[in-house]
Each structure stands twice: as structure tokens, then as C-alpha cells.
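Participant: File follows, upload-v9.cif with mmCIF, C-alpha atoms:
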```
data_model
#
loop_
_atom_site.label_atom_id
_atom_site.label_comp_id
_atom_site.auth_asym_id
_atom_site.auth_seq_id
_atom_site.Cartn_x
_atom_site.Cartn_y
_atom_site.Cartn_z
CA MET C 88 95.53 56.23 129.49
CA ALA C 89 93.23 54.43 127.08
CA GLU C 90 93.83 52.24 124.06
CA GLU C 91 91.98 52.85 120.80
CA ILE C 92 91.41 50.68 117.77
CA ILE C 93 94.25 49.94 115.40
CA PHE C 94 94.37 51.90 112.16
CA ALA C 95 96.33 50.94 109.07
CA ALA C 96 98.73 53.06 107.05
CA LEU C 97 100.29 52.29 103.69
CA LEU C 98 103.25 53.91 101.97
CA LEU C 99 104.34 53.32 98.38
CA ILE C 100 108.13 53.07 98.49
CA ALA C 101 109.26 52.09 95.00
CA ILE C 102 107.97 51.03 91.61
CA PHE C 103 109.72 48.22 89.76
CA VAL C 104 110.53 48.40 86.05
CA ASP C 105 107.52 46.11 85.73
CA PRO C 106 104.57 48.52 86.23
CA GLY C 107 102.43 45.62 87.46
CA GLN C 108 104.49 45.24 90.63
CA ALA C 109 105.29 47.70 93.42
CA LYS C 110 106.91 47.42 96.82
CA ILE C 111 104.72 48.52 99.69
CA ARG C 112 105.48 49.12 103.35
CA SER C 113 102.50 48.93 105.63
CA ALA C 114 101.86 49.24 109.34
CA ALA C 115 98.99 48.81 111.75
CA PHE C 116 99.39 51.42 114.50
CA LYS C 117 98.17 50.68 118.01
CA ILE C 118 97.02 53.96 119.57
CA THR C 119 97.18 54.85 123.27
CA THR C 120 95.59 58.18 124.23
CA GLU C 121 96.75 60.50 127.02
CA TYR C 122 100.21 58.91 126.94
CA ARG C 123 103.67 60.04 125.78
CA GLN C 124 106.58 57.67 125.27
CA GLN C 125 109.86 59.07 126.62
CA GLY C 126 113.40 58.50 125.41
CA GLY C 127 114.82 57.62 122.01
CA VAL C 128 113.24 60.54 120.12
CA SER C 129 114.97 60.84 116.74
CA GLN C 130 113.16 63.89 115.35
CA SER C 131 110.56 66.46 116.45
CA LEU C 132 108.27 68.06 113.89
CA GLY C 133 105.29 70.41 114.01
CA GLY C 134 102.07 71.10 112.16
CA HIS C 135 101.21 67.50 111.28
CA SER C 136 97.97 65.55 111.36
CA ARG C 137 98.02 62.23 113.20
CA GLU C 138 97.99 60.37 109.88
CA ASP C 139 100.86 62.49 108.49
CA CYS C 140 102.87 61.84 111.65
CA SER C 141 102.43 58.09 111.20
CA MET C 142 103.55 58.38 107.56
CA VAL C 143 106.75 60.17 108.64
CA CYS C 144 107.50 57.14 110.81
CA LEU C 145 106.62 54.68 108.09
CA ALA C 146 109.04 56.37 105.68
CA ASP C 147 111.92 55.93 108.17
CA MET C 148 113.22 52.35 108.34
CA SER C 149 114.52 52.92 111.90
CA CYS C 150 111.26 54.33 113.31
CA VAL C 151 109.10 52.12 115.51
CA GLY C 152 106.57 54.63 116.84
CA VAL C 153 105.53 58.24 117.38
CA ASN C 154 104.17 60.64 119.98
CA TYR C 155 101.55 63.01 118.58
CA HIS C 156 99.98 66.05 120.28
CA GLN C 157 96.35 66.49 119.26
CA GLY C 158 96.30 70.20 120.07
CA THR C 159 99.51 71.50 118.52
CA GLY C 160 100.20 68.88 115.84
CA ALA C 161 103.64 68.17 117.33
CA CYS C 162 105.11 64.91 116.05
CA GLU C 163 107.96 63.02 117.73
CA THR C 164 109.38 59.89 116.12
CA TYR C 165 111.60 57.44 117.97
CA GLY C 166 113.84 54.62 116.89
CA PHE C 167 113.39 52.12 119.69
CA SER C 168 110.70 51.24 122.19
CA ALA C 169 111.56 53.41 125.16
CA ARG C 170 111.39 51.90 128.62
CA THR C 171 109.43 54.73 130.22
CA GLY C 172 106.41 56.84 129.48
CA ALA C 173 103.99 59.13 131.24
CA ASN C 174 100.29 59.86 131.30
CA THR C 175 100.25 63.25 129.56
CA ALA C 176 97.11 65.14 128.54
CA GLY C 177 96.78 65.91 124.85
CA TRP C 178 99.37 63.39 123.69
CA VAL C 179 98.69 60.23 121.70
CA HIS C 180 101.20 57.39 121.46
CA LEU C 181 101.29 55.25 118.31
CA VAL C 182 103.43 52.14 117.96
CA HIS C 183 103.32 49.77 115.02
CA ASP C 184 103.97 46.19 114.05
CA ARG C 185 105.55 46.94 110.68
CA LYS C 186 104.68 44.68 107.79
CA CYS C 187 105.95 44.81 104.22
CA TYR C 188 104.37 43.65 101.00
CA VAL C 189 105.09 43.18 97.34
CA THR C 190 102.07 44.15 95.26
CA HIS C 191 101.18 42.26 92.07
CA GLY C 192 98.93 44.30 89.82
CA PRO C 193 96.48 45.83 89.58
CA TYR C 194 95.31 43.65 86.71
CA GLY C 195 92.36 44.95 84.71
CA ASN C 196 90.66 48.25 83.95
CA LEU C 197 91.43 51.06 86.42
CA ARG C 198 87.96 52.60 86.33
CA GLU C 199 85.02 52.70 88.73
CA SER C 200 85.24 52.55 92.55
CA THR C 201 88.28 51.42 94.53
CA PHE C 202 88.45 48.83 97.31
CA ASP C 203 91.31 47.86 99.62
CA ASP C 204 91.33 45.14 102.29
CA ALA C 205 94.57 46.31 103.96
CA ALA C 206 92.92 47.31 107.24
CA VAL C 207 90.63 44.28 107.60
CA SER C 208 93.51 41.90 106.79
CA SER C 209 94.82 42.56 110.32
CA SER C 210 91.94 40.31 111.50
CA GLY C 211 93.88 37.24 110.41
CA PRO C 212 95.06 35.15 107.46
CA ILE C 213 92.88 34.53 104.42
CA THR C 214 90.31 31.89 105.40
CA GLY C 215 87.87 32.02 102.49
CA VAL C 216 86.71 33.63 99.25
CA THR C 217 83.20 34.26 97.89
CA ILE C 218 82.90 34.79 94.13
CA ARG C 219 79.89 35.66 92.00
CA GLY C 220 79.99 35.16 88.25
CA ALA C 221 79.29 33.07 85.18
CA SER C 222 81.13 34.07 81.99
CA TRP C 223 83.23 36.60 83.97
CA ILE C 224 83.74 37.70 87.58
CA ASP C 225 80.83 39.78 88.85
CA SER C 226 82.20 40.23 92.38
CA ILE C 227 84.70 38.96 94.91
CA GLN C 228 84.95 39.05 98.70
CA PHE C 229 87.83 37.65 100.75
CA LYS C 230 87.56 36.61 104.39
CA TYR C 231 90.36 37.31 106.90
CA GLY C 232 90.19 35.22 110.05
CA GLY C 233 86.50 35.51 110.90
CA THR C 234 86.04 38.96 109.31
CA PRO C 235 84.78 39.51 105.74
CA GLY C 236 86.56 41.99 103.51
CA GLN C 237 84.76 44.34 101.16
CA HIS C 238 82.25 42.97 98.68
CA ALA C 239 83.71 44.27 95.42
CA GLY C 240 81.38 44.13 92.43
CA GLY C 241 77.73 43.57 91.59
CA ASP C 242 75.13 40.95 92.46
CA GLY C 243 75.01 39.11 89.14
CA GLY C 244 75.93 35.47 88.73
CA SER C 245 75.74 32.69 91.28
CA PRO C 246 77.72 32.99 94.54
CA GLN C 247 80.30 30.31 95.28
CA THR C 248 82.20 30.24 98.57
CA LEU C 249 85.60 28.70 99.22
CA GLN C 250 86.25 27.90 102.88
CA PHE C 251 89.86 27.02 103.61
CA THR C 252 90.86 24.58 106.33
CA GLU C 253 93.07 25.64 109.25
CA ASN C 254 96.37 24.73 107.54
CA GLU C 255 95.34 25.64 103.99
CA PHE C 256 96.80 28.63 102.14
CA ILE C 257 96.88 29.96 98.57
CA THR C 258 99.94 28.87 96.55
CA LYS C 259 98.97 30.09 93.06
CA ILE C 260 96.38 32.28 91.32
CA VAL C 261 95.70 32.26 87.57
CA ILE C 262 93.98 35.34 86.10
CA THR C 263 92.54 36.14 82.68
CA LEU C 264 91.24 39.58 81.71
CA HIS C 265 88.58 41.02 79.45
CA TYR C 266 89.34 44.54 78.23
CA SER C 267 87.10 46.10 80.91
CA PHE C 268 86.90 43.53 83.74
CA VAL C 269 88.42 40.41 85.30
CA GLU C 270 87.35 37.47 83.15
CA SER C 271 88.37 34.47 85.28
CA LEU C 272 90.21 33.44 88.44
CA THR C 273 91.55 30.04 89.48
CA PHE C 274 92.87 29.45 93.00
CA TYR C 275 95.39 26.77 93.94
CA THR C 276 96.16 25.96 97.57
CA ASN C 277 98.54 23.51 99.21
CA LEU C 278 95.56 21.12 99.42
CA ALA C 279 93.21 21.71 96.47
CA THR C 280 92.34 23.56 93.23
CA TYR C 281 89.29 25.85 93.04
CA GLY C 282 87.93 27.03 89.72
CA PRO C 283 88.24 28.41 87.20
CA TYR C 284 85.53 30.92 88.13
CA GLY C 285 84.37 32.72 85.01
CA VAL C 286 85.37 31.41 81.59
CA PRO C 287 89.05 31.86 80.63
CA THR C 288 89.45 32.81 76.95
CA THR C 289 92.50 35.10 76.99
CA THR C 290 96.18 34.91 77.98
CA GLU C 291 96.79 33.75 81.54
CA THR C 292 98.73 35.63 84.21
CA VAL C 293 100.13 33.30 86.89
CA LEU C 294 101.08 34.41 90.43
CA ASN C 295 102.87 32.11 92.88
CA PHE C 296 102.96 32.29 96.68
CA THR C 297 104.73 30.28 99.40
CA ASN C 298 104.14 29.47 103.04
CA GLU C 299 106.88 31.97 103.96
CA ARG C 300 105.58 34.66 101.56
CA ARG C 301 101.82 34.28 101.67
CA LEU C 302 99.12 36.30 99.99
CA SER C 303 98.02 38.79 102.64
CA TYR C 304 95.13 40.76 101.09
CA ILE C 305 93.60 42.10 97.87
CA SER C 306 92.58 45.49 96.48
CA GLY C 307 91.25 46.75 93.16
CA ARG C 308 88.40 48.42 91.27
CA TYR C 309 84.77 47.48 90.87
CA GLY C 310 81.43 48.62 89.48
CA THR C 311 78.79 46.25 88.16
CA TYR C 312 81.65 43.75 87.73
CA LEU C 313 85.12 43.25 89.18
CA ASN C 314 87.07 45.67 86.98
CA ALA C 315 90.58 45.15 88.38
CA ILE C 316 92.35 43.27 91.15
CA ALA C 317 95.74 43.50 92.89
CA PHE C 318 97.36 40.96 95.20
CA HIS C 319 99.53 41.99 98.16
CA GLN C 320 102.12 39.39 99.19
CA GLU C 321 104.15 39.31 102.40
CA ALA C 322 107.81 40.36 102.00
CA ASP C 323 110.92 41.07 104.07
CA CYS C 324 111.11 44.48 105.75
CA GLY C 325 114.87 44.98 105.40
CA GLN C 326 116.56 47.84 103.57
CA GLU C 327 116.25 45.85 100.34
CA ILE C 328 112.59 46.93 100.22
CA LEU C 329 113.91 50.31 99.04
CA SER C 330 115.95 48.93 96.15
#
```
Take the structure in the file and write it out as C-alpha cells.
Facilitator:
Amino acid sequence: MAEEIIFAALLLIAIFVDPGQAKIRSAAFKITTEYRQQGGVSQSLGGHSREDCSMVCLADMSCVGVNYHQGTGACETYGFSARTGANTAGWVHLVHDRKCYVTHGPYGNLRESTFDDAAVSSSGPITGVTIRGASWIDSIQFKYGGTPGQHAGGDGGSPQTLQFTENEFITKIVITLHYSFVESLTFYTNLATYGPYGVPTTTETVLNFTNERRLSYISGRYGTYLNAIAFHQEADCGQEILS
């Protein structure tokens, strides 16, 4: 029996009337090879990939984990953490710490390459941001715990780095947009204000966060500049996530 690295899975559950906001359920699955959890199996399926098997679990509010056979593609989901298991060749056991998010955005132009910090956000809370830009945002890179997220954008402009203190967290973000890229960003925390970065000349969009519902990670689009950005905020994982 051996443990592997955690991989992240995301599932879009519902779109609000507001197209700029969607509800997301997400999970980081801890994988144990050569192991099969026993008891509590709610459904058995066949012909799945490991990723598809994890998505079946993520779509079921009562599912907490799966057994997956690497040879046959058999997928067993279960609704509680069983008390027993066995070392079984060919089987992989995946159990997750389910997290749920509300997504704000994306804001901007949905062209160019995509980026998504969902997986790296499991390294810890947001501890810093590096921004390059002058009249607009050339690039952005968040830091989660001690791990940097993806550098999204080009190398123009001067880099500026925000390093948050241990008890500091983002409470508000103000965004302005050019027709093809993110024009400016201003960050407010419980301790300070940072920015604006870029030069705001258009209508502002304001997003608010709390200590209980923090900003967890970002995603978006980039090319030479930061074309679009979305913000993923922690949310409750109850049945209301489906409404």
C-alpha cells in the first residue's frame, strides 16, 4: 500500500442567472495504491477512467470516496468512510476532503491561454500576489502558503509583490476592464489597501470576501497581458449548493 500525491477535481454544478457567477464543487483526492476500501459501497460502475470515477463521486453529495481498478476500469463509490480495507493488487483508493466554491467571473476577454490555480491552492491560504503592469495589468501570480501559482501574462511593466502577514486576508477586490484585458486591480485586506495596479478609467466591479468565506484561488485567461480573471470564494457544501 502506497500513498500518491493529491490531485484536484472540479465539477460545475449550476450557473446563476448572473452569468458572471457559478457554483463550483471541488475536491482534492488523496490516492492510496494497492488498497480497496470495504463496506458502504453505494454503486458499482464499469469502464471508467480514474478521473471519471472521481467525477462520479463529486457529483453525488453523499459520496466521500471511491475504489478504482486500474485494469478493468471498475468504479465503486461509497457514502461513508468504511472501517476496514485490504491490500488488493490493481485497486486504487481515493478519498477526498470536499470543498465548495462560488466563482465570481471570469471578468475580461475570454481569449488566449487558460490558467487555473485550483490544484496549487491546496498548498495553503493566499499569502501574496505579484503583479506586473503600468497602464494595465501585464501579469499576475498568486502565492498559496509557500507555493507560487501560475504566472499568468507577459513580462512587461514593473513587478510589484504583496506579501501578506500571518493573519492578513483579502476582504475586497476592485476590478476595471479594458475591452481586451484587465485594466486595473485594487486589493483590500483586513489590515491594508494595495493599489490600484494599472490605471482605472472604466466602471468598477467590486467583490467582497469575509474571514468565513475567503478568497481561495484565481483562474482566467492570459497572453501578452492578463486578458481575464475569475475569483473562487469558499462556500458551504450543503445541498443548497445545487439550488
Participant: Would you kindly translate the PyMOL selection byres ((chain C and resi 287) around 7) into the concrete residues it picks from this file, as a list in words?
Facilitator: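 Output of the PyMOL selection byres ((chain C and resi 287) around 7): Thr263, Glu270, Ser271, Gly285, Val286, Thr288 and Thr289 of chain C.
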Participant: Atom CA of C:Thr297 to atom CA of C:Tyr309: how many Å, to one decimal?
Facilitator: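 Between atom CA of C:Thr297 and atom CA of C:Tyr309 the gap is 27.7 Å.
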Participant: Show which residues sit within 7 Å of stretch 223-240 of chain C, as a compact mmCIF listing (two decimals) with C-alpha atoms, keeping the file's coordinate frame. Count all atoms listed in the file, and ignore same-chain residues fewer than 4 positions away.
Facilitator:
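See result.txt below for the written result:
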```txt
# COMPACT_ATOMS: atom_id res chain seq x y z
CA PHE C 202 88.45 48.83 97.31
CA ASP C 204 91.33 45.14 102.29
CA VAL C 207 90.63 44.28 107.60
CA SER C 208 93.51 41.90 106.79
CA SER C 210 91.94 40.31 111.50
CA GLY C 211 93.88 37.24 110.41
CA PRO C 212 95.06 35.15 107.46
CA ILE C 213 92.88 34.53 104.42
CA THR C 214 90.31 31.89 105.40
CA GLY C 215 87.87 32.02 102.49
CA VAL C 216 86.71 33.63 99.25
CA THR C 217 83.20 34.26 97.89
CA ILE C 218 82.90 34.79 94.13
CA ARG C 219 79.89 35.66 92.00
CA GLY C 244 75.93 35.47 88.73
CA VAL C 269 88.42 40.41 85.30
CA GLU C 270 87.35 37.47 83.15
CA SER C 271 88.37 34.47 85.28
CA GLY C 285 84.37 32.72 85.01
CA VAL C 286 85.37 31.41 81.59
CA TYR C 309 84.77 47.48 90.87
CA GLY C 310 81.43 48.62 89.48
CA THR C 311 78.79 46.25 88.16
CA TYR C 312 81.65 43.75 87.73
CA LEU C 313 85.12 43.25 89.18
```
Participant: How many Å separate atom CA of C:Gly241 from atom CA of C:Leu264?
Facilitator: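 So the answer is 17.2 Å.
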Participant: Running the PyMOL selection byres ((chain C and resi 308) around 7) on this model by hand, what would come out? Give it as a list in words.
Facilitator: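 For this structure, the PyMOL selection byres ((chain C and resi 308) around 7) captures Leu197, Arg198, Glu199, Ser200, Thr201, Phe202, Gly307, Tyr309, Leu313, Asn314, Ala315 and Ile316 of chain C.
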Participant: Expanded to explicit residues, what is the PyMOL selection byres ((chain C and resi 130) around 6) for this file, as a list in words?
Facilitator: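 Evaluating the PyMOL selection byres ((chain C and resi 130) around 6) on these coordinates yields Val128, Ser129, Ser131, Glu163 and Thr164 of chain C.
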Participant: Write out, as a Markdown table, each residue of stretch 200-305 of chain C that has an atom at most 12 Å from stretch 189-195 of chain C, together with the closest pair of atoms and their distance in Å to one decimal, counting all atoms listed in the file, rows going by chain and rising number.
Facilitator:
```
| residue | atom | partner | partner_atom | distance |
| --- | --- | --- | --- | --- |
| C:Thr201 | CA | C:Pro193 | CA | 11.1 |
| C:Phe202 | CA | C:Pro193 | CA | 11.5 |
| C:Asp203 | CA | C:Pro193 | CA | 11.5 |
| C:Ala205 | CA | C:Thr190 | CA | 11.7 |
| C:Ile224 | CA | C:Gly195 | CA | 11.6 |
| C:Ile260 | CA | C:His191 | CA | 11.1 |
| C:Val261 | CA | C:Tyr194 | CA | 11.4 |
| C:Ile262 | CA | C:Tyr194 | CA | 8.4 |
| C:Thr263 | CA | C:Tyr194 | CA | 9.0 |
| C:Leu264 | CA | C:Gly195 | CA | 6.3 |
| C:His265 | CA | C:Gly195 | CA | 7.6 |
| C:Tyr266 | CA | C:Gly195 | CA | 7.2 |
| C:Ser267 | CA | C:Gly195 | CA | 6.6 |
| C:Phe268 | CA | C:Gly195 | CA | 5.7 |
| C:Val269 | CA | C:Gly195 | CA | 6.0 |
| C:Glu270 | CA | C:Gly195 | CA | 9.1 |
| C:Ser271 | CA | C:Gly195 | CA | 11.2 |
| C:Leu272 | CA | C:Tyr194 | CA | 11.5 |
| C:Glu291 | CA | C:Tyr194 | CA | 11.3 |
| C:Thr292 | CA | C:Tyr194 | CA | 9.1 |
| C:Val293 | CA | C:His191 | CA | 10.4 |
| C:Leu294 | CA | C:His191 | CA | 8.0 |
| C:Asn295 | CA | C:His191 | CA | 10.3 |
| C:Phe296 | CA | C:Val189 | CA | 11.1 |
| C:Arg300 | CA | C:Val189 | CA | 9.5 |
| C:Arg301 | CA | C:Val189 | CA | 10.4 |
| C:Leu302 | CA | C:Val189 | CA | 9.5 |
| C:Ser303 | CA | C:Val189 | CA | 9.9 |
| C:Tyr304 | CA | C:Thr190 | CA | 9.7 |
| C:Ile305 | CA | C:Thr190 | CA | 9.1 |
```
Participant: So, counting all atoms listed in the file, which residue among C:Tyr284, C:Cys150, C:Lys259, C:Thr276 is closest to C:Pro246?
Facilitator: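 Selected residue with least distance to C:Pro246: C:Tyr284.
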Participant: Quick one, how far is atom CA of C:Ile118 from atom CA of C:Ser149?
Facilitator: 19.1 Å
Participant: Please list as a list in words every residue within 7 Å of stretch 152-158 of chain C, counting all atoms listed in the file and excluding residues in the same chain fewer than 5 positions away.
Facilitator: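 In the requested form, the answer reads Arg123, Gln124, Arg137, Ser141, Cys144, Glu163, Thr164, Tyr165, Gly177, Trp178, Val179, His180, Leu181, Val182 and His183 of chain C.
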